[in-house]
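Text of entry_16.txt, listed as compact mmCIF, C-alpha atoms:
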```txt
# COMPACT_ATOMS: atom_id res chain seq x y z
CA MET L 159 -6.40 -16.46 -16.63
CA ALA L 160 -3.12 -18.23 -15.97
CA ILE L 161 -1.86 -18.47 -12.42
CA SER L 162 1.84 -18.76 -11.69
CA ASN L 163 3.10 -20.62 -8.62
CA ARG L 164 6.67 -19.51 -9.04
CA THR L 165 8.50 -19.09 -5.77
CA ALA L 166 12.00 -18.11 -4.79
CA ILE L 167 13.32 -21.28 -6.47
CA GLY L 168 13.13 -20.17 -10.12
CA CYS L 169 13.45 -16.47 -9.31
CA MET L 170 16.56 -14.39 -9.55
CA ALA L 171 17.95 -14.18 -6.05
CA LEU L 172 17.48 -10.70 -4.67
CA ALA L 173 21.05 -10.55 -3.43
CA ALA L 174 22.34 -11.35 -6.90
CA ALA L 175 20.16 -8.65 -8.42
CA THR L 176 21.48 -6.11 -5.94
CA ALA L 177 25.06 -7.19 -6.52
CA ALA L 178 24.58 -6.64 -10.24
CA GLY L 179 24.58 -2.93 -9.43
CA HIS L 180 22.75 -0.02 -10.90
CA GLN L 181 22.60 -1.41 -14.42
CA ALA L 182 20.71 1.51 -15.94
CA GLY L 183 23.24 3.99 -14.58
CA TRP L 184 22.67 6.84 -12.19
CA ALA L 185 23.12 9.91 -14.34
CA ALA L 186 25.05 12.71 -12.75
CA GLY L 187 22.65 15.09 -11.05
CA GLN L 188 19.61 12.97 -11.96
CA ALA L 189 18.17 12.98 -8.43
CA GLY L 190 18.49 16.74 -8.23
CA ALA L 191 16.93 17.20 -11.66
CA VAL L 192 13.97 15.01 -10.74
CA ARG L 193 13.53 16.96 -7.52
CA GLN L 194 13.33 20.22 -9.42
CA CYS L 195 10.76 18.69 -11.75
CA ALA L 196 8.80 17.34 -8.81
CA GLU L 197 8.68 20.72 -7.10
CA ARG L 198 7.61 22.38 -10.32
CA ARG L 199 4.87 19.87 -11.04
CA MET L 200 3.59 19.90 -7.45
CA HIS L 201 3.23 23.67 -7.66
CA GLU L 202 1.57 23.63 -11.08
CA SER L 203 -0.94 20.95 -10.13
CA ASP L 204 -1.73 22.28 -6.65
CA PHE L 205 -0.56 18.92 -5.28
CA SER L 206 -1.13 18.29 -1.59
CA GLY L 207 1.20 15.69 -0.10
CA THR L 208 4.72 14.35 0.14
CA VAL L 209 7.17 12.87 -2.37
CA SER L 210 10.32 10.97 -1.42
CA LEU L 211 13.15 9.52 -3.52
CA ALA L 212 15.73 7.12 -2.11
CA TYR L 213 18.81 5.58 -3.77
CA ARG L 214 20.64 2.53 -2.47
CA GLY L 215 18.46 2.55 0.61
CA ARG L 216 19.27 6.14 1.57
CA PRO L 217 16.97 9.16 1.15
CA GLU L 218 17.97 11.52 -1.65
CA TRP L 219 15.26 14.07 -0.90
CA VAL L 220 11.77 14.64 0.48
CA VAL L 221 9.58 17.46 -0.81
CA THR L 222 6.19 18.55 0.48
CA SER L 223 3.37 20.70 -0.83
CA GLY L 224 -0.07 21.75 0.29
CA THR L 225 -1.70 21.86 3.70
CA ILE L 226 -2.60 19.26 6.27
CA ALA L 227 -6.35 20.02 6.24
CA GLY L 228 -7.20 22.42 3.46
CA PRO L 229 -7.05 26.25 3.38
CA ALA L 230 -5.79 28.06 6.49
CA SER L 231 -4.35 24.88 8.02
CA ARG L 232 -0.71 23.99 8.69
CA PRO L 233 1.58 23.16 5.76
CA ILE L 234 2.28 19.49 5.16
CA ALA L 235 5.69 18.50 6.56
CA ALA L 236 7.99 15.52 6.17
CA THR L 237 6.61 14.28 9.50
CA THR L 238 2.97 14.37 8.34
CA ARG L 239 1.34 10.92 8.44
CA PHE L 240 -0.93 9.77 5.63
CA ASN L 241 -3.51 7.04 5.22
CA LEU L 242 -1.78 4.35 3.12
CA GLY L 243 -4.99 2.73 1.92
CA SER L 244 -4.42 -0.69 0.38
CA ALA L 245 -0.64 -0.22 0.40
CA SER L 246 -0.96 -1.47 3.98
CA LYS L 247 -1.28 -4.99 2.56
CA MET L 248 2.51 -5.13 2.13
CA PHE L 249 2.97 -5.25 5.90
CA THR L 250 0.39 -8.00 6.34
CA ALA L 251 2.19 -10.08 3.72
CA VAL L 252 5.59 -9.62 5.35
CA ALA L 253 4.14 -10.60 8.73
CA VAL L 254 2.67 -13.80 7.28
CA ALA L 255 5.98 -14.56 5.55
CA GLN L 256 7.79 -14.24 8.88
CA LEU L 257 5.44 -16.80 10.42
CA VAL L 258 6.09 -19.09 7.45
CA GLU L 259 9.84 -18.76 8.01
CA ALA L 260 9.30 -19.67 11.67
CA GLY L 261 7.53 -22.87 10.59
CA ARG L 262 4.29 -21.83 12.28
CA VAL L 263 2.37 -21.36 9.03
CA HIS L 264 2.69 -22.83 5.53
CA PHE L 265 1.62 -21.16 2.30
CA GLY L 266 -0.41 -24.22 1.35
CA ASP L 267 -2.32 -24.39 4.64
CA PRO L 268 -6.10 -23.85 4.55
CA ILE L 269 -7.11 -20.70 6.42
CA GLY L 270 -9.65 -22.75 8.39
CA ARG L 271 -6.74 -24.30 10.24
CA TYR L 272 -6.17 -20.95 11.96
CA VAL L 273 -9.49 -19.09 11.79
CA GLU L 274 -12.63 -20.81 13.05
CA GLY L 275 -16.24 -20.04 12.21
CA LEU L 276 -15.87 -19.55 8.45
CA THR L 277 -18.05 -21.19 5.82
CA PRO L 278 -16.79 -24.65 4.75
CA GLU L 279 -15.96 -23.21 1.32
CA ALA L 280 -13.93 -20.31 2.70
CA SER L 281 -12.17 -22.55 5.25
CA LYS L 282 -10.51 -24.45 2.40
CA VAL L 283 -8.91 -21.37 0.84
CA THR L 284 -5.13 -21.48 1.29
CA VAL L 285 -2.81 -18.88 2.72
CA ARG L 286 -1.14 -18.59 -0.68
CA GLN L 287 -4.46 -17.90 -2.38
CA LEU L 288 -5.26 -15.18 0.14
CA LEU L 289 -1.88 -13.52 -0.38
CA THR L 290 -2.24 -13.53 -4.16
CA HIS L 291 -5.91 -12.47 -4.39
CA THR L 292 -6.87 -15.76 -6.00
CA SER L 293 -9.16 -16.86 -3.15
CA GLY L 294 -12.43 -15.78 -4.75
CA LEU L 295 -13.47 -14.03 -1.53
CA GLY L 296 -14.99 -10.58 -1.52
CA ASP L 297 -14.75 -7.15 0.05
CA PHE L 298 -15.90 -6.25 3.55
CA PHE L 299 -15.38 -2.53 2.82
CA LYS L 300 -19.08 -1.81 2.39
CA PRO L 301 -21.19 1.14 3.52
CA GLU L 302 -23.29 -1.07 5.79
CA ASN L 303 -20.12 -2.26 7.57
CA MET L 304 -18.66 1.19 8.14
CA ALA L 305 -19.76 1.58 11.77
CA ALA L 306 -18.34 -1.83 12.72
CA MET L 307 -15.11 -1.08 10.85
CA MET L 308 -14.67 2.17 12.75
CA ARG L 309 -15.09 0.33 16.06
CA ALA L 310 -12.58 -2.42 15.21
CA ARG L 311 -9.32 -2.31 17.13
CA THR L 312 -7.98 -5.77 16.26
CA ALA L 313 -8.09 -7.88 13.12
CA SER L 314 -10.32 -10.35 14.91
CA ASP L 315 -12.93 -7.62 15.38
CA ILE L 316 -13.48 -7.79 11.62
CA LEU L 317 -14.33 -11.51 11.59
CA PRO L 318 -18.12 -11.03 11.95
CA LEU L 319 -18.08 -8.97 8.74
CA ILE L 320 -16.58 -11.82 6.66
CA ARG L 321 -17.79 -14.91 8.51
CA ASP L 322 -20.36 -15.79 5.84
CA ASP L 323 -18.19 -15.19 2.78
CA LYS L 324 -17.89 -17.89 0.12
CA PRO L 325 -15.51 -17.94 -2.86
CA ALA L 326 -17.11 -16.56 -6.02
CA PHE L 327 -15.06 -18.99 -8.13
CA GLU L 328 -12.80 -22.00 -7.67
CA PRO L 329 -9.93 -20.70 -5.51
CA GLY L 330 -6.62 -20.56 -7.33
CA THR L 331 -8.07 -20.30 -10.83
CA ARG L 332 -7.99 -16.54 -11.34
CA PHE L 333 -7.18 -13.17 -9.81
CA SER L 334 -9.82 -11.05 -8.07
CA TYR L 335 -8.78 -8.37 -5.58
CA SER L 336 -10.07 -9.22 -2.09
CA ASN L 337 -9.94 -7.05 1.01
CA SER L 338 -11.73 -9.76 2.97
CA GLY L 339 -8.89 -12.14 2.16
CA PHE L 340 -6.30 -9.87 3.73
CA ALA L 341 -8.50 -9.36 6.78
CA LEU L 342 -8.37 -13.13 7.25
CA LEU L 343 -4.58 -13.02 7.02
CA GLY L 344 -4.54 -10.44 9.80
CA ILE L 345 -6.68 -12.70 11.95
CA LEU L 346 -4.28 -15.56 11.20
CA ILE L 347 -1.40 -13.40 12.44
CA GLU L 348 -3.25 -12.77 15.71
CA ARG L 349 -4.18 -16.42 16.21
CA VAL L 350 -0.67 -17.75 15.55
CA SER L 351 1.39 -15.05 17.26
CA GLY L 352 -0.85 -14.46 20.27
CA GLN L 353 -0.50 -10.73 19.69
CA SER L 354 -2.85 -8.18 18.21
CA TYR L 355 -2.18 -7.38 14.58
CA GLY L 356 -1.00 -3.88 15.51
CA ASP L 357 1.33 -5.14 18.24
CA TYR L 358 2.85 -7.69 15.90
CA LEU L 359 3.60 -5.07 13.25
CA ARG L 360 5.09 -2.75 15.84
CA ARG L 361 7.43 -5.40 17.26
CA ARG L 362 8.37 -7.40 14.18
CA ILE L 363 8.23 -4.92 11.29
CA PHE L 364 8.05 -1.27 12.35
CA GLY L 365 10.66 -1.66 15.09
CA PRO L 366 13.28 -3.60 13.07
CA ALA L 367 12.81 -1.29 10.09
CA GLY L 368 13.17 1.86 12.22
CA MET L 369 9.66 3.07 11.40
CA THR L 370 8.92 5.40 14.30
CA SER L 371 5.86 7.17 12.88
CA SER L 372 3.75 4.27 11.62
CA GLY L 373 0.80 2.43 13.10
CA LEU L 374 -2.87 1.53 12.95
CA ALA L 375 -4.06 4.36 15.18
CA PRO L 376 -4.66 7.90 13.88
CA HIS L 377 -3.08 9.34 17.03
CA PRO L 378 -1.37 11.71 17.53
CA LEU L 379 -3.81 13.79 15.53
CA ALA L 380 -1.35 16.71 15.45
CA THR L 381 0.74 14.90 12.81
CA LEU L 382 -2.15 13.28 10.91
CA ASP L 383 -3.29 14.63 7.57
CA VAL L 384 -6.97 15.25 6.94
CA GLY L 385 -8.42 13.76 3.79
CA ILE L 386 -9.66 16.42 1.37
CA THR L 387 -12.31 14.96 -0.92
CA ARG L 388 -14.71 16.22 -3.53
CA GLY L 389 -17.08 13.43 -2.60
CA PRO L 390 -18.09 9.96 -3.79
CA GLY L 391 -17.15 9.20 -7.36
CA ALA L 392 -14.61 12.03 -7.63
CA GLY L 393 -11.94 10.08 -9.48
CA ILE L 394 -12.01 7.20 -7.00
CA ALA L 395 -10.85 4.01 -8.67
CA SER L 396 -11.31 1.88 -5.58
CA THR L 397 -12.04 2.19 -1.88
CA GLY L 398 -9.13 0.28 -0.43
CA ALA L 399 -9.40 1.41 3.18
CA PRO L 400 -11.76 2.70 5.83
CA HIS L 401 -12.35 6.37 5.16
CA PRO L 402 -9.87 8.62 6.99
CA PRO L 403 -11.02 11.73 8.83
CA MET L 404 -11.85 14.14 6.01
CA ILE L 405 -13.57 17.28 4.86
CA LEU L 406 -15.54 17.99 1.71
CA ILE L 407 -14.28 20.55 -0.80
CA GLY L 408 -16.61 22.14 -3.34
CA PRO L 409 -15.89 23.05 -6.98
CA ASP L 410 -14.66 26.47 -5.90
CA GLY L 411 -12.08 24.91 -3.61
CA LYS L 412 -13.86 26.00 -0.43
CA ARG L 413 -14.95 23.73 2.38
CA ILE L 414 -18.61 22.77 2.45
CA GLU L 415 -20.71 20.68 4.78
CA PRO L 416 -21.37 17.08 3.71
CA PRO L 417 -24.58 16.86 1.68
CA PRO L 418 -27.52 14.77 2.89
CA GLY L 419 -26.91 11.08 2.28
CA ALA L 420 -23.14 11.47 2.07
CA GLY L 421 -22.80 8.65 4.58
CA SER L 422 -19.27 8.46 5.95
CA LEU L 423 -18.28 11.98 4.90
CA ARG L 424 -17.91 13.93 8.12
CA PRO L 425 -16.05 16.91 9.57
CA ALA L 426 -12.54 16.14 10.69
CA PRO L 427 -11.80 18.31 13.78
CA GLY L 428 -11.40 16.06 16.82
CA ALA L 429 -12.06 12.90 14.80
CA THR L 430 -10.56 9.84 16.48
CA GLU L 431 -12.04 7.04 14.39
CA GLY L 432 -10.69 5.24 11.37
CA TYR L 433 -8.15 2.69 12.64
CA GLY L 434 -6.20 0.72 10.07
CA SER L 435 -6.76 -2.93 9.25
CA PRO L 436 -4.78 -5.79 7.67
CA ALA L 437 -6.41 -4.86 4.35
CA GLY L 438 -5.82 -1.11 4.44
CA GLY L 439 -5.75 2.14 6.32
CA LEU L 440 -2.42 2.18 8.18
CA PHE L 441 -0.87 5.59 8.83
CA SER L 442 2.73 6.40 7.95
CA THR L 443 5.18 8.94 6.56
CA ALA L 444 7.20 8.90 3.36
CA ASP L 445 10.41 8.51 5.39
CA ASP L 446 9.06 5.48 7.21
CA ILE L 447 7.96 3.85 3.97
CA GLN L 448 11.46 4.29 2.56
CA ARG L 449 12.86 2.68 5.71
CA PHE L 450 10.51 -0.27 5.19
CA LEU L 451 11.60 -0.75 1.58
CA ALA L 452 15.27 -0.49 2.55
CA ALA L 453 14.86 -3.04 5.36
CA LEU L 454 13.02 -5.44 3.06
CA LEU L 455 15.63 -5.22 0.31
CA ALA L 456 18.42 -5.64 2.86
CA ASN L 457 16.69 -8.84 4.08
CA ARG L 458 16.34 -7.48 7.59
CA LEU L 459 12.65 -8.45 7.76
CA THR L 460 12.75 -11.80 5.96
CA ARG L 461 15.43 -14.09 4.58
CA PRO L 462 16.63 -13.55 0.98
CA ALA L 463 14.62 -16.43 -0.52
CA THR L 464 11.47 -15.27 1.26
CA THR L 465 11.97 -11.67 0.18
CA ALA L 466 12.42 -12.85 -3.41
CA ALA L 467 9.18 -14.84 -3.23
CA LEU L 468 7.24 -11.89 -1.82
CA ILE L 469 8.13 -9.66 -4.77
CA ALA L 470 8.11 -12.30 -7.51
CA PRO L 471 5.12 -12.64 -9.89
CA GLN L 472 2.77 -15.19 -8.32
CA ALA L 473 -0.50 -14.44 -10.13
CA GLU L 474 -1.40 -12.57 -13.28
CA ALA L 475 -3.57 -9.63 -12.24
CA ALA L 476 -4.34 -8.42 -15.76
CA PRO L 477 -3.24 -9.63 -19.19
CA ALA L 478 -1.28 -7.49 -21.62
CA SER L 479 -3.58 -5.20 -23.54
CA GLY L 480 -3.40 -2.13 -25.76
CA GLY L 481 0.37 -2.08 -25.80
CA GLN L 482 0.53 -2.26 -22.00
CA PRO L 483 2.41 -5.18 -20.40
CA ALA L 484 0.68 -7.75 -18.24
CA ARG L 485 0.36 -6.86 -14.57
CA PHE L 486 1.18 -9.30 -11.79
CA TYR L 487 0.78 -9.68 -8.06
CA GLY L 488 3.25 -11.30 -5.69
CA TYR L 489 2.55 -12.08 -2.05
CA GLY L 490 0.94 -8.81 -0.95
CA PHE L 491 2.89 -6.73 -3.47
CA GLY L 492 2.15 -5.49 -6.95
CA VAL L 493 5.05 -6.51 -9.19
CA GLY L 494 6.00 -6.00 -12.79
CA ASN L 495 8.46 -4.80 -15.40
CA ILE L 496 8.49 -1.41 -17.10
CA ASP L 497 10.72 -1.12 -20.16
CA GLY L 498 13.07 -3.72 -18.72
CA HIS L 499 13.06 -2.25 -15.20
CA ARG L 500 11.81 -4.65 -12.53
CA TRP L 501 9.65 -3.07 -9.84
CA PHE L 502 7.48 -3.94 -6.84
CA GLY L 503 5.28 -1.98 -4.47
CA HIS L 504 1.64 -1.10 -3.89
CA ASN L 505 -0.83 1.72 -4.24
CA GLY L 506 -3.91 2.78 -2.35
CA GLY L 507 -6.89 4.97 -3.01
CA THR L 508 -10.03 6.06 -1.20
CA LEU L 509 -11.87 9.29 -0.51
CA GLY L 510 -9.27 11.86 0.53
CA ALA L 511 -6.27 9.54 0.26
CA ASN L 512 -4.00 8.34 -2.55
CA THR L 513 -0.73 6.43 -2.19
CA GLU L 514 1.89 5.20 -4.66
CA ILE L 515 4.88 3.19 -3.45
CA ALA L 516 7.38 1.56 -5.80
CA ALA L 517 10.92 0.18 -5.56
CA PHE L 518 13.11 -0.69 -8.53
CA PRO L 519 15.54 -3.18 -6.96
CA ASP L 520 17.88 -3.60 -9.93
CA ASP L 521 18.14 0.17 -10.37
CA GLN L 522 18.37 0.60 -6.58
CA TRP L 523 15.94 3.49 -6.21
CA SER L 524 12.48 3.83 -4.72
CA LEU L 525 9.78 6.45 -5.04
CA VAL L 526 7.00 7.22 -2.55
CA VAL L 527 4.14 9.62 -3.27
CA LEU L 528 1.51 10.28 -0.57
CA SER L 529 -1.45 12.63 -0.89
CA ASN L 530 -4.46 13.67 1.18
CA ARG L 531 -6.53 14.25 -1.97
CA ASP L 532 -8.74 11.94 -4.00
CA PRO L 533 -7.13 9.62 -6.54
CA PRO L 534 -5.50 10.03 -8.99
CA ALA L 535 -3.57 12.89 -7.31
CA ALA L 536 -0.62 10.74 -6.18
CA THR L 537 -0.94 8.27 -9.06
CA LYS L 538 -0.59 10.91 -11.76
CA LEU L 539 2.43 12.58 -10.14
CA TYR L 540 4.06 9.18 -9.50
CA GLN L 541 3.70 8.18 -13.15
CA GLU L 542 5.26 11.45 -14.30
CA LEU L 543 8.22 11.20 -11.90
CA ARG L 544 8.73 7.52 -12.65
CA ALA L 545 9.10 8.38 -16.35
CA LEU L 546 11.78 10.93 -15.45
CA MET L 547 13.64 8.39 -13.33
CA LEU L 548 13.60 5.78 -16.07
CA ASP L 549 14.83 8.22 -18.73
CA PRO L 550 17.52 10.68 -17.53
CA ARG L 551 17.12 12.66 -20.77
CA LEU L 552 13.58 13.58 -19.75
CA ALA L 553 14.73 14.54 -16.26
CA ALA L 554 17.44 16.82 -17.61
CA GLY L 555 14.88 18.83 -19.53
CA CYS L 556 12.08 18.41 -16.99
CA ARG L 557 9.88 17.20 -19.83
CA LEU L 558 6.86 16.06 -17.87
```

As structure tokens, how would this structure be written, given the file I've shared?
Amino acid sequence: MAISNRTAIGCMALAAATAAGHQAGWAAGQAGAVRQCAERRMHESDFSGTVSLAYRGRPEWVVTSGTIAGPASRPIAATTRFNLGSASKMFTAVAVAQLVEAGRVHFGDPIGRYVEGLTPEASKVTVRQLLTHTSGLGDFFKPENMAAMMRARTASDILPLIRDDKPAFEPGTRFSYSNSGFALLGILIERVSGQSYGDYLRRRIFGPAGMTSSGLAPHPLATLDVGITRGPGAGIASTGAPHPPMILIGPDGKRIEPPPGAGSLRPAPGATEGYGSPAGGLFSTADDIQRFLAALLANRLTRPATTAALIAPQAEAAPASGGQPARFYGYGFGVGNIDGHRWFGHNGGTLGANTEIAAFPDDQWSLVVLSNRDPPAATKLYQELRALMLDPRLAAGCRL
């Protein structure tokens, strides 16, 4: 599989793309039409979560549906925080990019320069390879590691879980999604900055972006959603984060107790475990995610050339197949092109959590869909609403 090392130097400058304006046109009333379609579809599908649309960095609308913890619980609100799953990787990548801008880290540096105690093979993997999932390293999100993951409060606490990892192939030769690789990047951030991973995000990303409801900790529990899952294998494409506090829902839609051997499935009331990591599991709101995207596109978190490199195709994640275009990964961001519309973002999925985040920088709009249900709850709704955004004719007729 071909690997691209393109950086900001051969990429269209983000500022130029923004200056080009909304090339596809913002049809009169399109945002309102899409909102009506979103509300209709959320009702029809019994969707539980939040959807947010922003244009030119400003929120157009936020709509919510469902309840925070299943039947008889409070309705989900705009202030409800959701588990972002693997979408959390975007923040890790931006943090690393900031350290690169400061001259304290280089993309070509071996991770062993910053993190001690790794295998000789893993020590040679570069920062760039970790950011693009071309390191060959594996996934520390395993059932046997769950207890240690729940106890972790810093990125460095995860190191014992990945200390013995070795690349499964020659680093840099192909794409293979790696949660362990992003855990190493979080440890790098702690080693270089002298701050915990969570403190660094709070000071250098959440604060500057105006994200007041985001963090690694589940507290305050009053604003935290509870994951509603039908159990292992219920439409889960991947487990990109430690399991959030959750409850099990049976085929009849009623709550049931976890069956024997369900492992991490557990009742949610009073749960205080499940802290986020550099690889996944941060908690945030749709509003905060829109603030993050706006700050990134306005180059308030990184310089223009760095921002362009973050969201440029760096590695081919999957070749074109069956009429579908090739998929790419940047530095901590999924990136691509849909019918001529450039996009970047990330998704996340685990038991009781599904996230879809995408910005279309040339069209100047962004869409965030967060759900406390198993995948593909958010993914399916996101795909439907994205189609409406890309074709105003569909939005006008609400042809989902």

Could you check the closest approach to Gly555 (chain L) for each of L:Gln188, L:Thr225, L:Arg309, L:Asn530 and tell me which residue wins, using all atoms listed in the file?
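Comparing L:Gln188, L:Thr225, L:Arg309, L:Asn530 against Gly555 (chain L), the winner is L:Gln188.
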
Which one of L:Arg485, L:His377, L:Arg349, L:His264 sits closest to Arg286 (chain L) if you count all atoms listed in the file?
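The closest residue to Arg286 (chain L) is L:His264.
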
For region 342-374 of chain L against region 229-245 of chain L, with a cut-off of 10 Å and counting only C-alpha atoms, what is the closest atom pair and its distance in Å to one decimal for every residue that makes the cut, ordered by chain and number, as a Markdown table?
```
| residue | atom | partner | partner_atom | distance |
| --- | --- | --- | --- | --- |
| L:Ser371 | CA | L:Arg239 | CA | 7.4 |
| L:Ser372 | CA | L:Arg239 | CA | 7.8 |
| L:Gly373 | CA | L:Arg239 | CA | 9.7 |
| L:Leu374 | CA | L:Asn241 | CA | 9.5 |
```

Could you list, as a PyMOL selection string, every residue within 6 Å of Asn512 (chain L), counting all atoms listed in the file and ignoring same-chain residues fewer than 4 positions away?
chain L and resi 506-507+529+533+536

With only C-alpha atoms counted, which protein, DNA or RNA residues have an atom no more than 8 Å from (4.1, -10.0, -14.4) in the file frame? Please answer as a ChimeraX atom specification.
/L:471,473-475,483-487,493-495

To one decimal in Å, tell me the separation between CA of Val209 (chain L) and CA of Ala196 (chain L).
8.0 Å

Which value, in Å to one decimal, gives the distance between CA of Thr292 (chain L) and CA of Pro329 (chain L)?
5.8 Å

Please report the interatomic distance between CA of Gly224 (chain L) and CA of Phe249 (chain L) in Å with one decimal.
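Spanning CA of Gly224 (chain L) to CA of Phe249 (chain L) is a straight-line distance of 27.7 Å.
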